[in-house]
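*Asks:* Let me begin by handing over the structure; questions about it come next.
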Amino acid sequence: MALNKQQQAAVNFNGEHLLLLAGAGTGKTHTIIERIAHLIKSGVDPQRILMLTFTRRAAKEMSDRLYSLVGDNAKLITSGTFHYFCLLLMRRYATMFELQNVTIIDRDDQLQLMKMIRADKRKKNEKFPKASELLSLFSYSRSKNIPPEEYLTKYSSHSDEIQKRLLQIFDEYNQKKQQNRYLDYDDILFYFAKALHHSAVLRNKISSLYDYILVDEMQDTNPLQWMILEALHDPAKLFCVGDDAQSIYAFRGADFHNVHSFTKRIANSEILKLTENYRSTQEILDLANWILDQSPLNYDKHLSAFRGIGVKPEFKDFPNDYEEAGWVVRDIINKHSNGNKWSDQMILVRSAYTARAIEGKLIERSVPYKFIGGTGLLQSSHVKDIFALIKAVANHQDVLSWSRFLCLWPKIGEKTAFNHIQKFINIHDPIKANEIICSTLKNRPEILAVIKRIQNSQNIPSLIITETVNAMSELLEQKYDRWETRLKDFKILVTLSEKYKSIHNFIETYTLETVSNSEAEHEDENDFVTLITVHSAKGTEAKVCYLIKAEPGIYPHSRSTENTDEMEEERRILYVAVTRAKDLLYITRNKAKLFNNNFGNSFFARHNNNNFYNTPQEQPYFLRDIPASLIKSESSVAEKIENLEDNYNNSNYQNFRKKSIIIDDDWGF
DNA sequence: AAGCTCTGCTTTTTT
DNA sequence: AGCAGAGCTT
């Protein structure tokens, strides 16, 4: 594919540092890849190029495309997410970073650890932040690089007394992690950034490794990541690509304003722009442009389609979620039988939860699909149970794994488990520790037998997983219903693990890169429908896109309507969603939700929102007043809603609703 | 101390 | 519907 003038200018950029502002669909990835090819062609050693992305998907896409352009040179480039990169270097220079034998813990482990600490700090019957809130408060302050004290006083509404205890909890959480040599996601960035800023020797060492650093999705960098880039640049040259209109990660500390301050923060830097959209038809971009136009902020973005005129986006309203899901899947099947590939079609969802109905339908109709986003296969509890034993055997000091494993057994709860663990946790010598494990569990020979079995198992990932599943299945069968389906997950796991040298390597890779069941199951297939969260979809595209459940309460999400910052982020999420489509965009909704959300019949509608609206029309909804001219439909949406309200009030519709509830039952949900 | 039952609250997004 | 917490029973 040839480059246009703007792209060519970026590829050939000859100055020090560059920020490339690239709107949706303007060939951002293409330009980065070509830039790297250009560097290699002009004699840069590929080993001295670093490419940073935010999601594993983006990283993989980059390396694949790079491989087809520059062949084996692609393998020499260091490429991956910030987390991957930091961990890689911290492992390579473990002594310099003073981080040896660390274990990466995922959100679930963090939660478990936090719960233990919280239990002691919380008074009985007291309203106290949940472990998950504690984690996100702490994580946010860390990603923003604001000391917790300052962060709490500025941004939290908790009383002084509670804030004090929160700080104690944070301290203790950090201590616990240090004791156990656990690193959570934030620690990976935090310790790396901190070390670089405290030690000039280390900073020089690391920054001398690369001559060129390319960063994708610059608008998503949080202050910690910024610190890392600042430490690494000069002599290395930065090539950062971003789009402020696609910034959707504020919840993890990203601030799109940092794109605007780029030239101020990085001396000798310049800005170039890509403005021509090659992805979509003008009709799709018109809707996208309209969405940003509604904002009080001036994004100064008007995408124009290089490809020209196409088909207007189409709205489809259904009486309930299942008919919506049914239509989408039927339409996908129709298009497939008319010659479209499965992979030409993408279903976009706001949350994993909103993907449920459609996922059910896809399975029912045997449509090959991969779900990207949400909880991964390795996060599911039965898989974590299996890994707890493997990890406990591998490292007798892994408190979380031991406690998870021991609590699976009858008569063992948190207290008993803790008493056992306490006896061997501080023993450094593994042989001695093992003796203590044997003696403390001598009354539970069945547990010891299982541990022995795994200790004696061959240390090959697929074998050790199979052996562990066999050893544990009798016990786990009682814990879980639908054990058969869960057994299937282990088969997938075994297949996945075959590519890894060690089980440790396997677990760590998938802790940093979550993979859903469906994704793992169809790993080797290449024609499938993509079901994906909007957040994960940034950077991807498809000929036909279905933006499902585009209702009030979803766009904007009802939990994010507190202030303009939140609302604007929600608007950008919708913008990202709409700009994924190349040719056709269908926006589907549940009719009832259009005017019924807060007073609805649904179980959680009442709790679904912090704000109560007197009338449905007061609830913020980005797609309420779309000009009829932008969408494929005889009547405007406003008229449509009026008609719906008439329908809603007439008895036929009420009966229809009743009928649809019966349909729900047939679904078996 | 584990395990059961009742009650109240809740489902965003990712490394 | 599904989970966390509290209080009760084993």
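Labeling convention for the structure tokens: chains A, B, ... as they appear, residues from 1 per chain, ligands from 1 in order of appearance.
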Could you list, as an mmCIF file with N, CA and C atoms, in the first residue's frame, every residue of chain A that has an atom within 7 Å of an atom of chain B, counting only C-alpha atoms (C1' of nucleotides)?

*Replies:*
```cif
data_model
loop_
_atom_site.group_PDB
_atom_site.id
_atom_site.type_symbol
_atom_site.label_atom_id
_atom_site.label_comp_id
_atom_site.auth_asym_id
_atom_site.auth_seq_id
_atom_site.Cartn_x
_atom_site.Cartn_y
_atom_site.Cartn_z
ATOM 1 N N HIS A 83 3.956 -2.955 30.148
ATOM 2 C CA HIS A 83 4.138 -3.896 31.250
ATOM 3 C C HIS A 83 5.117 -5.000 30.866
ATOM 4 N N TYR A 185 0.130 -5.302 38.746
ATOM 5 C CA TYR A 185 0.328 -4.624 37.457
ATOM 6 C C TYR A 185 0.972 -3.250 37.615
ATOM 7 N N SER A 351 -19.545 -3.661 27.435
ATOM 8 C CA SER A 351 -19.017 -4.425 28.569
ATOM 9 C C SER A 351 -19.156 -5.912 28.296
ATOM 10 N N LYS A 411 -13.058 -28.994 55.709
ATOM 11 C CA LYS A 411 -12.586 -28.706 57.071
ATOM 12 C C LYS A 411 -11.418 -27.715 57.097
ATOM 13 N N GLY A 413 -10.541 -23.921 56.311
ATOM 14 C CA GLY A 413 -10.930 -22.573 55.923
ATOM 15 C C GLY A 413 -9.723 -21.675 56.040
ATOM 16 N N LEU A 512 -0.218 -11.504 32.121
ATOM 17 C CA LEU A 512 -0.093 -10.198 31.487
ATOM 18 C C LEU A 512 -0.976 -10.054 30.259
ATOM 19 N N HIS A 535 -13.361 -1.003 24.206
ATOM 20 C CA HIS A 535 -12.014 -0.698 24.677
ATOM 21 C C HIS A 535 -10.956 -1.545 23.968
#
```

*Asks:* Taking only C-alpha atoms (C1' of nucleotides) into account, which residues of chain C are within 10 Å of chain A, as a list in words?

*Replies:*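 Output check: DA1, DA4, DG5 and DA6 of chain C.
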
*Asks:* Identify all residues of segment 282-407 of chain A in helix (DSSP H, G or I) (DSSP on the backbone) and supply them as a PyMOL selection string.

*Replies:* chain A and resi 282-293+321-337+342-344+353-364+377-379+381-394+399-407

*Asks:* Quick one: DSSP strand (DSSP E) residues in segment 26-236 of chain A, as a list in words?

*Replies:* Ile49, Leu50, Met51, Leu52, Thr53, Thr78, Ser79, Gly80, Thr81, Thr103, Ile104, Tyr182, Leu183, Tyr212, Ile213, Leu214 and Val215 of chain A

*Asks:* What's around Leu209 of chain A at 10 Å? Count only C-alpha atoms (C1' of nucleotides), leave out sequence neighbours fewer than 2 positions away in its own chain, and write the answer as a PDB file with C-alpha atoms, in the first residue's frame.

*Replies:*
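Result went into result_36.pdb, see below:
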```
ATOM      1  CA  GLN A  47      17.767  -4.665  18.009  1.00  0.00           C
ATOM      2  CA  ARG A  48      18.008  -0.996  18.882  1.00  0.00           C
ATOM      3  CA  ILE A  49      14.356  -0.327  18.086  1.00  0.00           C
ATOM      4  CA  LEU A  50      11.720  -0.491  20.792  1.00  0.00           C
ATOM      5  CA  ASN A 204      21.998   5.364  31.372  1.00  0.00           C
ATOM      6  CA  LYS A 205      22.270   1.634  31.116  1.00  0.00           C
ATOM      7  CA  ILE A 206      18.683   1.174  29.974  1.00  0.00           C
ATOM      8  CA  SER A 207      18.416   4.226  27.760  1.00  0.00           C
ATOM      9  CA  ASP A 211      18.092   4.397  19.479  1.00  0.00           C
ATOM     10  CA  TYR A 212      14.448   4.577  18.443  1.00  0.00           C
ATOM     11  CA  LEU A 232      14.352   6.627  28.087  1.00  0.00           C
ATOM     12  CA  PRO A 235      19.651   9.814  23.039  1.00  0.00           C
ATOM     13  CA  ALA A 236      16.810   7.543  21.895  1.00  0.00           C
TER      14      ALA A 236
END
```

*Asks:* Any idea what the distance is between atom CA of Asn258 of chain A and atom CA of Gly242 of chain A?

*Replies:*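 Separation between atom CA of Asn258 of chain A and atom CA of Gly242 of chain A: 10.4 Å.
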
*Asks:* For the atom pair atom CA of Phe190 of chain A and atom CA of Arg107 of chain A, what is the interatomic distance in Å to one decimal place?

*Replies:*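 Between atom CA of Phe190 of chain A and atom CA of Arg107 of chain A the gap works out to 16.4 Å.
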
*Asks:* Skipping near chain neighbours, those fewer than 4 positions away, what residues fall within 9 Å of Lys316 of chain A using only C-alpha atoms (C1' of nucleotides), listed as number ranges by chain?

*Replies:* A: 324, 586-590

*Asks:* Store the residues of this selection in a file with C-alpha atoms, as an mmCIF file, in the first residue's frame.

*Replies:*
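Result file is out-v4.cif:
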```cif
data_model
loop_
_atom_site.group_PDB
_atom_site.id
_atom_site.type_symbol
_atom_site.label_atom_id
_atom_site.label_comp_id
_atom_site.auth_asym_id
_atom_site.auth_seq_id
_atom_site.Cartn_x
_atom_site.Cartn_y
_atom_site.Cartn_z
ATOM 1 C CA GLU A 324 -31.751 -8.238 19.141
ATOM 2 C CA TYR A 586 -25.712 -1.398 12.345
ATOM 3 C CA ILE A 587 -26.691 0.114 15.640
ATOM 4 C CA THR A 588 -29.117 -2.086 17.530
ATOM 5 C CA ARG A 589 -31.097 -1.429 20.681
ATOM 6 C CA ASN A 590 -33.673 -2.793 23.012
#
```

*Asks:* Distance atom CA of Lys593 of chain A-atom CA of Pro319 of chain A, one decimal place?

*Replies:*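 Taking atom CA of Lys593 of chain A as the start and atom CA of Pro319 of chain A as the end point, the length is 9.2 Å.
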